[in-house]
$ cat upload_22.cif   # mmCIF, C-alpha atoms
data_target
#
loop_
_atom_site.label_atom_id
_atom_site.label_comp_id
_atom_site.auth_asym_id
_atom_site.auth_seq_id
_atom_site.Cartn_x
_atom_site.Cartn_y
_atom_site.Cartn_z
CA MET A 15 -10.63 18.02 -28.99
CA LEU A 16 -9.87 16.11 -25.78
CA GLU A 17 -10.72 17.92 -22.56
CA ARG A 18 -10.24 17.10 -18.91
CA ASN A 19 -13.99 16.75 -18.49
CA HIS A 20 -14.00 13.91 -21.03
CA LEU A 21 -11.47 11.99 -18.96
CA ARG A 22 -13.48 12.53 -15.79
CA VAL A 23 -16.62 11.20 -17.50
CA ILE A 24 -14.86 8.09 -18.82
CA GLN A 25 -13.38 7.37 -15.39
CA ALA A 26 -16.71 7.90 -13.62
CA VAL A 27 -18.68 5.68 -16.01
CA ASP A 28 -16.09 2.93 -15.70
CA HIS A 29 -16.18 3.19 -11.90
CA HIS A 30 -19.98 3.31 -11.51
CA GLY A 31 -20.96 1.14 -14.47
CA SER A 32 -23.65 3.43 -15.85
CA VAL A 33 -24.18 6.88 -17.34
CA THR A 34 -26.86 7.65 -14.76
CA ALA A 35 -24.62 6.98 -11.76
CA ALA A 36 -21.67 8.77 -13.37
CA ALA A 37 -23.78 11.84 -14.12
CA LYS A 38 -24.97 11.95 -10.51
CA GLN A 39 -21.38 11.81 -9.19
CA LEU A 40 -20.26 14.56 -11.58
CA HIS A 41 -23.32 16.73 -10.85
CA LEU A 42 -24.43 16.63 -14.50
CA THR A 43 -27.68 15.66 -16.13
CA GLN A 44 -27.63 12.35 -17.97
CA SER A 45 -28.44 14.07 -21.26
CA ALA A 46 -25.60 16.60 -20.81
CA LEU A 47 -23.11 13.83 -20.11
CA SER A 48 -24.26 11.78 -23.10
CA HIS A 49 -24.15 14.83 -25.37
CA THR A 50 -20.60 15.65 -24.26
CA MET A 51 -19.35 12.16 -25.08
CA ARG A 52 -21.20 11.99 -28.41
CA LYS A 53 -19.42 15.18 -29.46
CA LEU A 54 -16.08 13.61 -28.51
CA GLU A 55 -16.85 10.46 -30.50
CA LEU A 56 -17.84 12.52 -33.54
CA SER A 57 -14.74 14.65 -33.25
CA ALA A 58 -12.44 11.65 -32.76
CA GLY A 59 -14.14 9.61 -35.48
CA THR A 60 -14.36 6.51 -33.27
CA ALA A 61 -16.67 5.07 -30.63
CA ILE A 62 -15.71 5.28 -26.97
CA TRP A 63 -18.34 2.84 -25.67
CA LEU A 64 -20.48 0.01 -26.96
CA ARG A 65 -23.81 -0.63 -25.24
CA GLU A 66 -24.42 -4.14 -23.94
CA GLY A 67 -27.90 -4.25 -22.45
CA ARG A 68 -27.97 -1.66 -19.68
CA ARG A 69 -24.19 -1.51 -19.37
CA LEU A 70 -21.53 0.23 -21.41
CA ARG A 71 -18.37 -1.54 -22.52
CA LEU A 72 -15.32 0.51 -23.44
CA THR A 73 -13.94 0.10 -26.94
CA GLN A 74 -10.19 -0.11 -27.56
CA ALA A 75 -10.16 3.68 -27.88
CA GLY A 76 -12.14 3.98 -24.66
CA GLU A 77 -9.73 1.68 -22.80
CA PHE A 78 -6.85 3.88 -23.98
CA LEU A 79 -8.57 7.03 -22.72
CA LEU A 80 -9.39 5.36 -19.40
CA ASP A 81 -5.70 4.58 -18.93
CA VAL A 82 -4.86 8.21 -19.75
CA ALA A 83 -7.51 9.39 -17.26
CA ASN A 84 -6.20 7.17 -14.46
CA ARG A 85 -2.68 8.51 -14.98
CA LEU A 86 -3.31 12.19 -15.68
CA LEU A 87 -6.23 13.14 -13.44
CA PRO A 88 -4.37 12.45 -10.16
CA GLN A 89 -1.41 14.48 -11.43
CA LEU A 90 -3.65 17.42 -12.29
CA GLU A 91 -5.38 17.23 -8.90
CA HIS A 92 -1.98 17.09 -7.20
CA ALA A 93 -0.78 20.14 -9.15
CA GLU A 94 -3.93 22.12 -8.31
CA ALA A 95 -3.66 21.23 -4.63
CA LYS A 96 -0.04 22.42 -4.61
CA LEU A 97 -1.01 25.71 -6.25
CA ARG A 98 -3.75 26.26 -3.66
CA GLN A 99 -1.27 25.59 -0.89
CA PHE A 100 1.19 28.10 -2.36
CA ALA A 101 -1.57 30.68 -2.70
CA GLU A 102 -2.92 30.16 0.83
CA GLY A 103 0.42 29.63 2.56
CA GLU A 104 -0.52 26.11 3.62
CA ARG A 105 1.70 23.02 3.87
CA GLY A 106 -0.85 20.50 2.60
CA THR A 107 -1.37 16.77 3.11
CA LEU A 108 1.18 13.96 3.20
CA ARG A 109 -0.42 10.95 1.47
CA ILE A 110 1.17 7.64 2.44
CA GLY A 111 0.56 4.34 0.65
CA MET A 112 1.15 0.99 2.36
CA GLU A 113 2.72 -2.08 0.75
CA CYS A 114 3.43 -3.65 4.12
CA HIS A 115 0.53 -5.04 6.19
CA PRO A 116 2.28 -5.21 9.59
CA CYS A 117 3.90 -1.80 9.10
CA TYR A 118 0.64 -0.03 9.90
CA GLN A 119 1.37 -0.29 13.63
CA TRP A 120 4.89 1.06 13.03
CA LEU A 121 3.47 3.92 10.96
CA LEU A 122 1.15 4.99 13.76
CA LYS A 123 4.18 5.43 16.03
CA ILE A 124 5.76 7.78 13.46
CA VAL A 125 2.63 9.74 12.59
CA SER A 126 1.95 10.85 16.17
CA PRO A 127 5.21 12.82 16.74
CA PHE A 128 5.13 14.02 13.12
CA LEU A 129 1.72 15.66 13.57
CA VAL A 130 3.01 17.39 16.70
CA ALA A 131 6.10 18.69 14.89
CA TRP A 132 4.14 19.75 11.77
CA PRO A 133 0.75 21.06 12.97
CA ASP A 134 -0.12 22.50 9.55
CA VAL A 135 0.34 19.19 7.68
CA ASP A 136 -2.32 16.48 7.56
CA VAL A 137 -1.56 12.79 7.02
CA ASP A 138 -3.68 10.46 4.91
CA VAL A 139 -2.83 6.74 4.89
CA LYS A 140 -4.06 4.81 1.86
CA GLN A 141 -3.98 1.05 2.39
CA LYS A 142 -5.75 0.24 -0.86
CA PHE A 143 -2.34 0.44 -2.55
CA GLN A 144 -1.04 -2.67 -0.80
CA PHE A 145 1.21 -4.39 -3.35
CA GLY A 146 0.34 -1.93 -6.06
CA GLY A 147 1.79 1.29 -4.70
CA LEU A 148 4.51 1.86 -7.27
CA GLY A 149 2.03 3.04 -9.89
CA ALA A 150 0.24 5.17 -7.31
CA LEU A 151 3.52 6.88 -6.43
CA GLN A 152 4.40 7.51 -10.07
CA ASP A 153 0.89 8.78 -10.82
CA PHE A 154 0.87 11.28 -7.90
CA GLU A 155 -1.90 9.47 -6.01
CA ILE A 156 0.41 9.14 -2.98
CA ASP A 157 3.55 10.99 -1.85
CA LEU A 158 5.31 8.26 0.14
CA LEU A 159 5.27 4.50 -0.28
CA VAL A 160 6.03 2.18 2.65
CA THR A 161 7.43 -1.05 1.22
CA PRO A 162 9.81 -3.90 2.09
CA ASP A 163 10.47 -4.47 -1.63
CA PRO A 164 11.69 -1.32 -3.43
CA PHE A 165 11.47 -1.30 -7.21
CA TYR A 166 13.86 1.30 -8.57
CA ARG A 167 12.66 3.37 -11.52
CA PRO A 168 13.76 6.70 -12.98
CA GLY A 169 12.31 9.59 -11.00
CA LEU A 170 11.78 7.57 -7.80
CA VAL A 171 13.94 7.38 -4.68
CA PHE A 172 13.80 4.62 -2.04
CA GLU A 173 15.44 5.17 1.34
CA PRO A 174 15.87 2.41 3.96
CA VAL A 175 14.39 3.52 7.28
CA PHE A 176 14.82 0.47 9.50
CA ASP A 177 16.05 -3.12 9.57
CA TYR A 178 14.09 -6.00 11.01
CA GLU A 179 14.07 -9.77 11.26
CA GLN A 180 11.20 -11.92 10.01
CA VAL A 181 10.34 -14.57 12.63
CA LEU A 182 7.92 -17.46 13.03
CA VAL A 183 5.26 -17.00 15.72
CA VAL A 184 3.95 -20.17 17.40
CA PRO A 185 1.78 -20.88 20.47
CA ALA A 186 3.71 -20.93 23.74
CA ASP A 187 2.84 -24.62 24.23
CA HIS A 188 3.81 -25.62 20.67
CA VAL A 189 6.30 -28.45 20.18
CA LEU A 190 8.63 -25.96 18.41
CA ALA A 191 8.41 -23.27 21.11
CA THR A 192 11.63 -24.29 22.87
CA ARG A 193 13.76 -24.37 19.72
CA GLU A 194 16.50 -21.79 19.10
CA HIS A 195 15.38 -21.69 15.47
CA VAL A 196 13.05 -23.53 13.13
CA THR A 197 13.78 -25.10 9.75
CA ALA A 198 11.66 -25.06 6.63
CA GLN A 199 11.02 -28.78 7.15
CA ASP A 200 9.30 -27.97 10.46
CA LEU A 201 6.48 -26.25 8.58
CA ARG A 202 5.51 -29.33 6.54
CA THR A 203 2.94 -30.26 9.18
CA GLU A 204 1.79 -26.72 10.02
CA THR A 205 -1.01 -24.42 8.91
CA LEU A 206 0.65 -21.17 7.85
CA LEU A 207 -1.34 -17.98 8.44
CA THR A 208 -0.38 -14.95 6.34
CA TYR A 209 -1.80 -11.69 5.12
CA PRO A 210 -3.77 -11.90 1.85
CA VAL A 211 -0.76 -11.33 -0.39
CA ALA A 212 0.54 -13.17 -3.47
CA LEU A 213 2.97 -15.92 -2.49
CA ASP A 214 5.78 -14.34 -4.52
CA ARG A 215 5.59 -11.30 -2.22
CA LEU A 216 5.70 -13.26 1.05
CA ASP A 217 9.19 -13.57 2.56
CA VAL A 218 8.30 -16.75 4.43
CA TYR A 219 7.92 -18.37 1.01
CA THR A 220 10.56 -16.59 -1.09
CA ARG A 221 13.28 -16.49 1.57
CA PHE A 222 12.53 -19.58 3.67
CA LEU A 223 10.21 -22.25 2.23
CA ASN A 224 10.82 -22.07 -1.52
CA PRO A 225 14.64 -22.38 -1.35
CA ALA A 226 14.14 -25.60 0.62
CA ALA A 227 11.39 -26.81 -1.76
CA VAL A 228 9.00 -27.08 1.17
CA ALA A 229 5.30 -26.24 1.42
CA PRO A 230 3.24 -26.01 4.62
CA ARG A 231 0.45 -28.50 5.22
CA SER A 232 -2.07 -25.73 4.52
CA HIS A 233 -2.12 -21.97 4.03
CA LYS A 234 -4.79 -19.52 5.16
CA SER A 235 -5.03 -15.76 4.61
CA ILE A 236 -6.04 -13.45 7.47
CA GLU A 237 -6.68 -9.71 6.95
CA THR A 238 -5.78 -8.34 10.38
CA THR A 239 -2.80 -8.87 12.68
CA ASP A 240 -4.95 -9.11 15.83
CA ILE A 241 -7.11 -11.93 14.46
CA MET A 242 -4.10 -13.72 12.95
CA LEU A 243 -2.26 -13.85 16.27
CA GLN A 244 -5.39 -14.76 18.21
CA MET A 245 -5.64 -17.71 15.83
CA VAL A 246 -2.01 -18.63 16.46
CA ALA A 247 -2.47 -18.37 20.24
CA GLY A 248 -5.50 -20.64 19.90
CA GLY A 249 -3.44 -23.33 18.19
CA ARG A 250 -4.94 -22.79 14.71
CA GLY A 251 -1.63 -22.25 12.94
CA VAL A 252 1.69 -20.40 12.88
CA ALA A 253 2.56 -17.02 11.34
CA ALA A 254 5.61 -15.15 10.01
CA LEU A 255 5.89 -11.52 11.16
CA PRO A 256 8.54 -8.88 11.87
CA ARG A 257 10.24 -9.56 15.22
CA TRP A 258 9.39 -6.11 16.61
CA LEU A 259 5.67 -6.73 16.01
CA ALA A 260 5.77 -10.36 17.13
CA GLU A 261 7.45 -9.48 20.43
CA GLU A 262 4.86 -6.78 21.09
CA TYR A 263 2.12 -9.42 20.85
CA CYS A 264 4.15 -11.97 22.81
CA GLN A 265 3.71 -9.68 25.82
CA LYS A 266 -0.07 -9.86 25.50
CA LEU A 267 -0.73 -13.40 24.24
CA PRO A 268 0.78 -16.87 24.94
CA LEU A 269 3.08 -16.74 21.92
CA VAL A 270 6.76 -17.35 21.14
CA ALA A 271 8.80 -15.77 18.32
CA LEU A 272 11.38 -18.08 16.72
CA ARG A 273 14.24 -17.39 14.31
CA MET A 274 13.67 -18.85 10.84
CA GLY A 275 16.82 -20.79 10.03
CA PRO A 276 20.12 -20.53 11.92
CA GLN A 277 20.96 -17.16 10.30
CA GLY A 278 17.45 -15.72 10.39
CA VAL A 279 15.62 -13.81 7.65
CA ASP A 280 16.70 -10.15 7.63
CA LYS A 281 14.66 -7.45 5.88
CA GLN A 282 14.44 -3.67 5.54
CA ILE A 283 11.57 -1.24 5.25
CA PHE A 284 11.93 1.54 2.67
CA LEU A 285 10.14 4.82 2.08
CA GLY A 286 9.73 5.61 -1.60
CA SER A 287 9.17 9.12 -2.94
CA ARG A 288 9.46 11.10 -6.16
CA GLU A 289 12.73 12.89 -6.90
CA SER A 290 10.70 15.98 -7.75
CA ASP A 291 9.54 16.16 -4.11
CA GLY A 292 13.11 16.26 -2.79
CA ASP A 293 12.67 19.86 -1.61
CA THR A 294 9.31 19.29 0.13
CA GLU A 295 10.23 20.04 3.73
CA TYR A 296 7.57 18.10 5.57
CA LEU A 297 8.02 15.00 3.39
CA GLN A 298 11.76 14.92 4.03
CA ALA A 299 11.11 15.56 7.74
CA PHE A 300 8.88 12.49 7.86
CA ILE A 301 11.62 10.35 6.29
CA ARG A 302 14.19 11.65 8.81
CA LEU A 303 11.82 10.92 11.69
CA ALA A 304 11.17 7.40 10.39
CA ARG A 305 14.93 6.74 10.16
CA SER A 306 15.49 7.95 13.73
CA PHE A 307 12.65 5.95 15.27
CA ASP A 308 13.75 3.16 17.60
CA LEU A 309 11.16 0.38 17.58
CA THR A 310 12.64 -1.11 20.75
CA ASP A 311 12.07 2.14 22.65
CA ALA A 312 8.52 3.15 23.52
CA ASN A 313 9.67 6.76 23.67
CA GLY A 314 10.19 6.80 19.93
CA PRO A 315 12.92 8.77 18.08
CA VAL A 316 16.56 8.45 19.06
#
$ encode --input "upload_22.cif" --output "structure tokens"
Amino acid sequence: MLERNHLRVIQAVDHHGSVTAAAKQLHLTQSALSHTMRKLELSAGTAIWLREGRRLRLTQAGEFLLDVANRLLPQLEHAEAKLRQFAEGERGTLRIGMECHPCYQWLLKIVSPFLVAWPDVDVDVKQKFQFGGLGALQDFEIDLLVTPDPFYRPGLVFEPVFDYEQVLVVPADHVLATREHVTAQDLRTETLLTYPVALDRLDVYTRFLNPAAVAPRSHKSIETTDIMLQMVAGGRGVAALPRWLAEEYCQKLPLVALRMGPQGVDKQIFLGSRESDGDTEYLQAFIRLARSFDLTDANGPV
């Protein structure tokens, strides 16, 4: 009764918002698409959509099938891609999801030597999975997840690849710039610039401000590291970043990186993968390369 094509139609209509647009994406006529779904509704004995003006709204049954489509279709595509690679003797593509905004610069340093070592493997970085990559990893939409906050589940493996310290970045002429470290209280009068991430996923809050019951004067979200640190250099606020990234920018802009608290805020970056991919050579090679990479050495792996 239920076919893969039905799931593709439901997913396409939900994504595009109309039968016409979905039919165009799937290279079907609108009448053929509608006929296919009417047959499914008759066979299932329940409606999949309800029409509201020009739009379609999924019923409870339709929402269930959309969830099935979002989980199963990527797995089927992954399986077919693997079969093609086996048949054609290819390695394939390593799909990496990012749950760490500043780690993009680190990732670029790893990708370059990896592509040299594995010329028959492509790399695709998917940043749309920021702070939602666990589901993407489980559903075969990505093969590796870069995250500072591993969430252990059956079938998944998270390996630490490097340690780092989270620091506060301030302008070089800031009143705090000569301190050995800053306290949470020091941020009461500051504008804190961060990536657009929920507060419960920001270490500067969970590990530094919240334990001291302190909030900054104001909080602004900035998408890109370059703009964020240009803002800091211009006296528009302060920012919390990994020390390795902060010190890289301190060489280019009038900035100072300060320890947060007398002991500092230590973190790790992990690479998450599926246990079933444990024998995928190029994936494991990427993890080994990431573990061996020395961020303090421009030459890369150690």
$ residues_around --input "upload_22.cif" --residues "Val189 (chain A)" --least-positions-apart "4" --cutoff "12 Å" --atoms "only C-alpha atoms" --output "list in words"
Val184, Pro185, Arg193, Val196, Asp200, Leu201, Thr203, Glu204, Gly249, Val252 and Val270 of chain A
$ resolve_selection --input "upload_22.cif" --expression "the PyMOL selection byres ((chain A and resi 178) around 6)" --output "PDB file with C-alpha atoms, in the frame of the given file"
ATOM      1  CA  ASP A 177      16.050  -3.120   9.570  1.00  0.00           C
ATOM      2  CA  GLU A 179      14.070  -9.770  11.260  1.00  0.00           C
ATOM      3  CA  ASP A 280      16.700 -10.150   7.630  1.00  0.00           C
ATOM      4  CA  LYS A 281      14.660  -7.450   5.880  1.00  0.00           C
ATOM      5  CA  GLN A 282      14.440  -3.670   5.540  1.00  0.00           C
TER       6      GLN A 282
END
$ resolve_selection --input "upload_22.cif" --expression "the PyMOL selection byres ((chain A and resi 166) around 12)" --output "list of chain:residue names"
A:Leu148, A:Leu151, A:Gln152, A:Thr161, A:Asp163, A:Pro164, A:Phe165, A:Arg167, A:Pro168, A:Gly169, A:Leu170, A:Val171, A:Phe172, A:Glu173, A:Phe284, A:Leu285, A:Gly286, A:Ser287, A:Arg288, A:Glu289
$ closest_residue --input "upload_22.cif" --among "A:Leu87, A:Leu269, A:Ile24, A:Met51" --to "Leu72 (chain A)" --atoms "only C-alpha atoms"
A:Ile24
$ resolve_selection --input "upload_22.cif" --expression "the PyMOL selection byres ((chain A and resi 16) around 10)" --output "PyMOL selection string"
chain A and resi 15+17-21+54+57-58+79
$ atom_distance --input "upload_22.cif" --atom1 "CA of Pro88 (chain A)" --atom2 "CA of Pro162 (chain A)"
24.9 Å
$ residues_around --input "upload_22.cif" --residues "Pro127 (chain A)" --least-positions-apart "4" --cutoff "12 Å" --atoms "only C-alpha atoms" --output "JSON, numbers by chain"
{"A": [121, 122, 123, 131, 132, 133, 137, 299, 300, 303, 304, 306, 307, 313, 314, 315]}
$ closest_residue --input "upload_22.cif" --among "A:Ile301, A:Leu56, A:Leu80, A:Ala37" --to "Gln25 (chain A)" --atoms "all atoms listed in the file"
A:Leu80
$ closest_residue --input "upload_22.cif" --among "A:His29, A:Arg52, A:Lys140, A:Leu255" --to "Ala83 (chain A)" --atoms "all atoms listed in the file"
A:His29
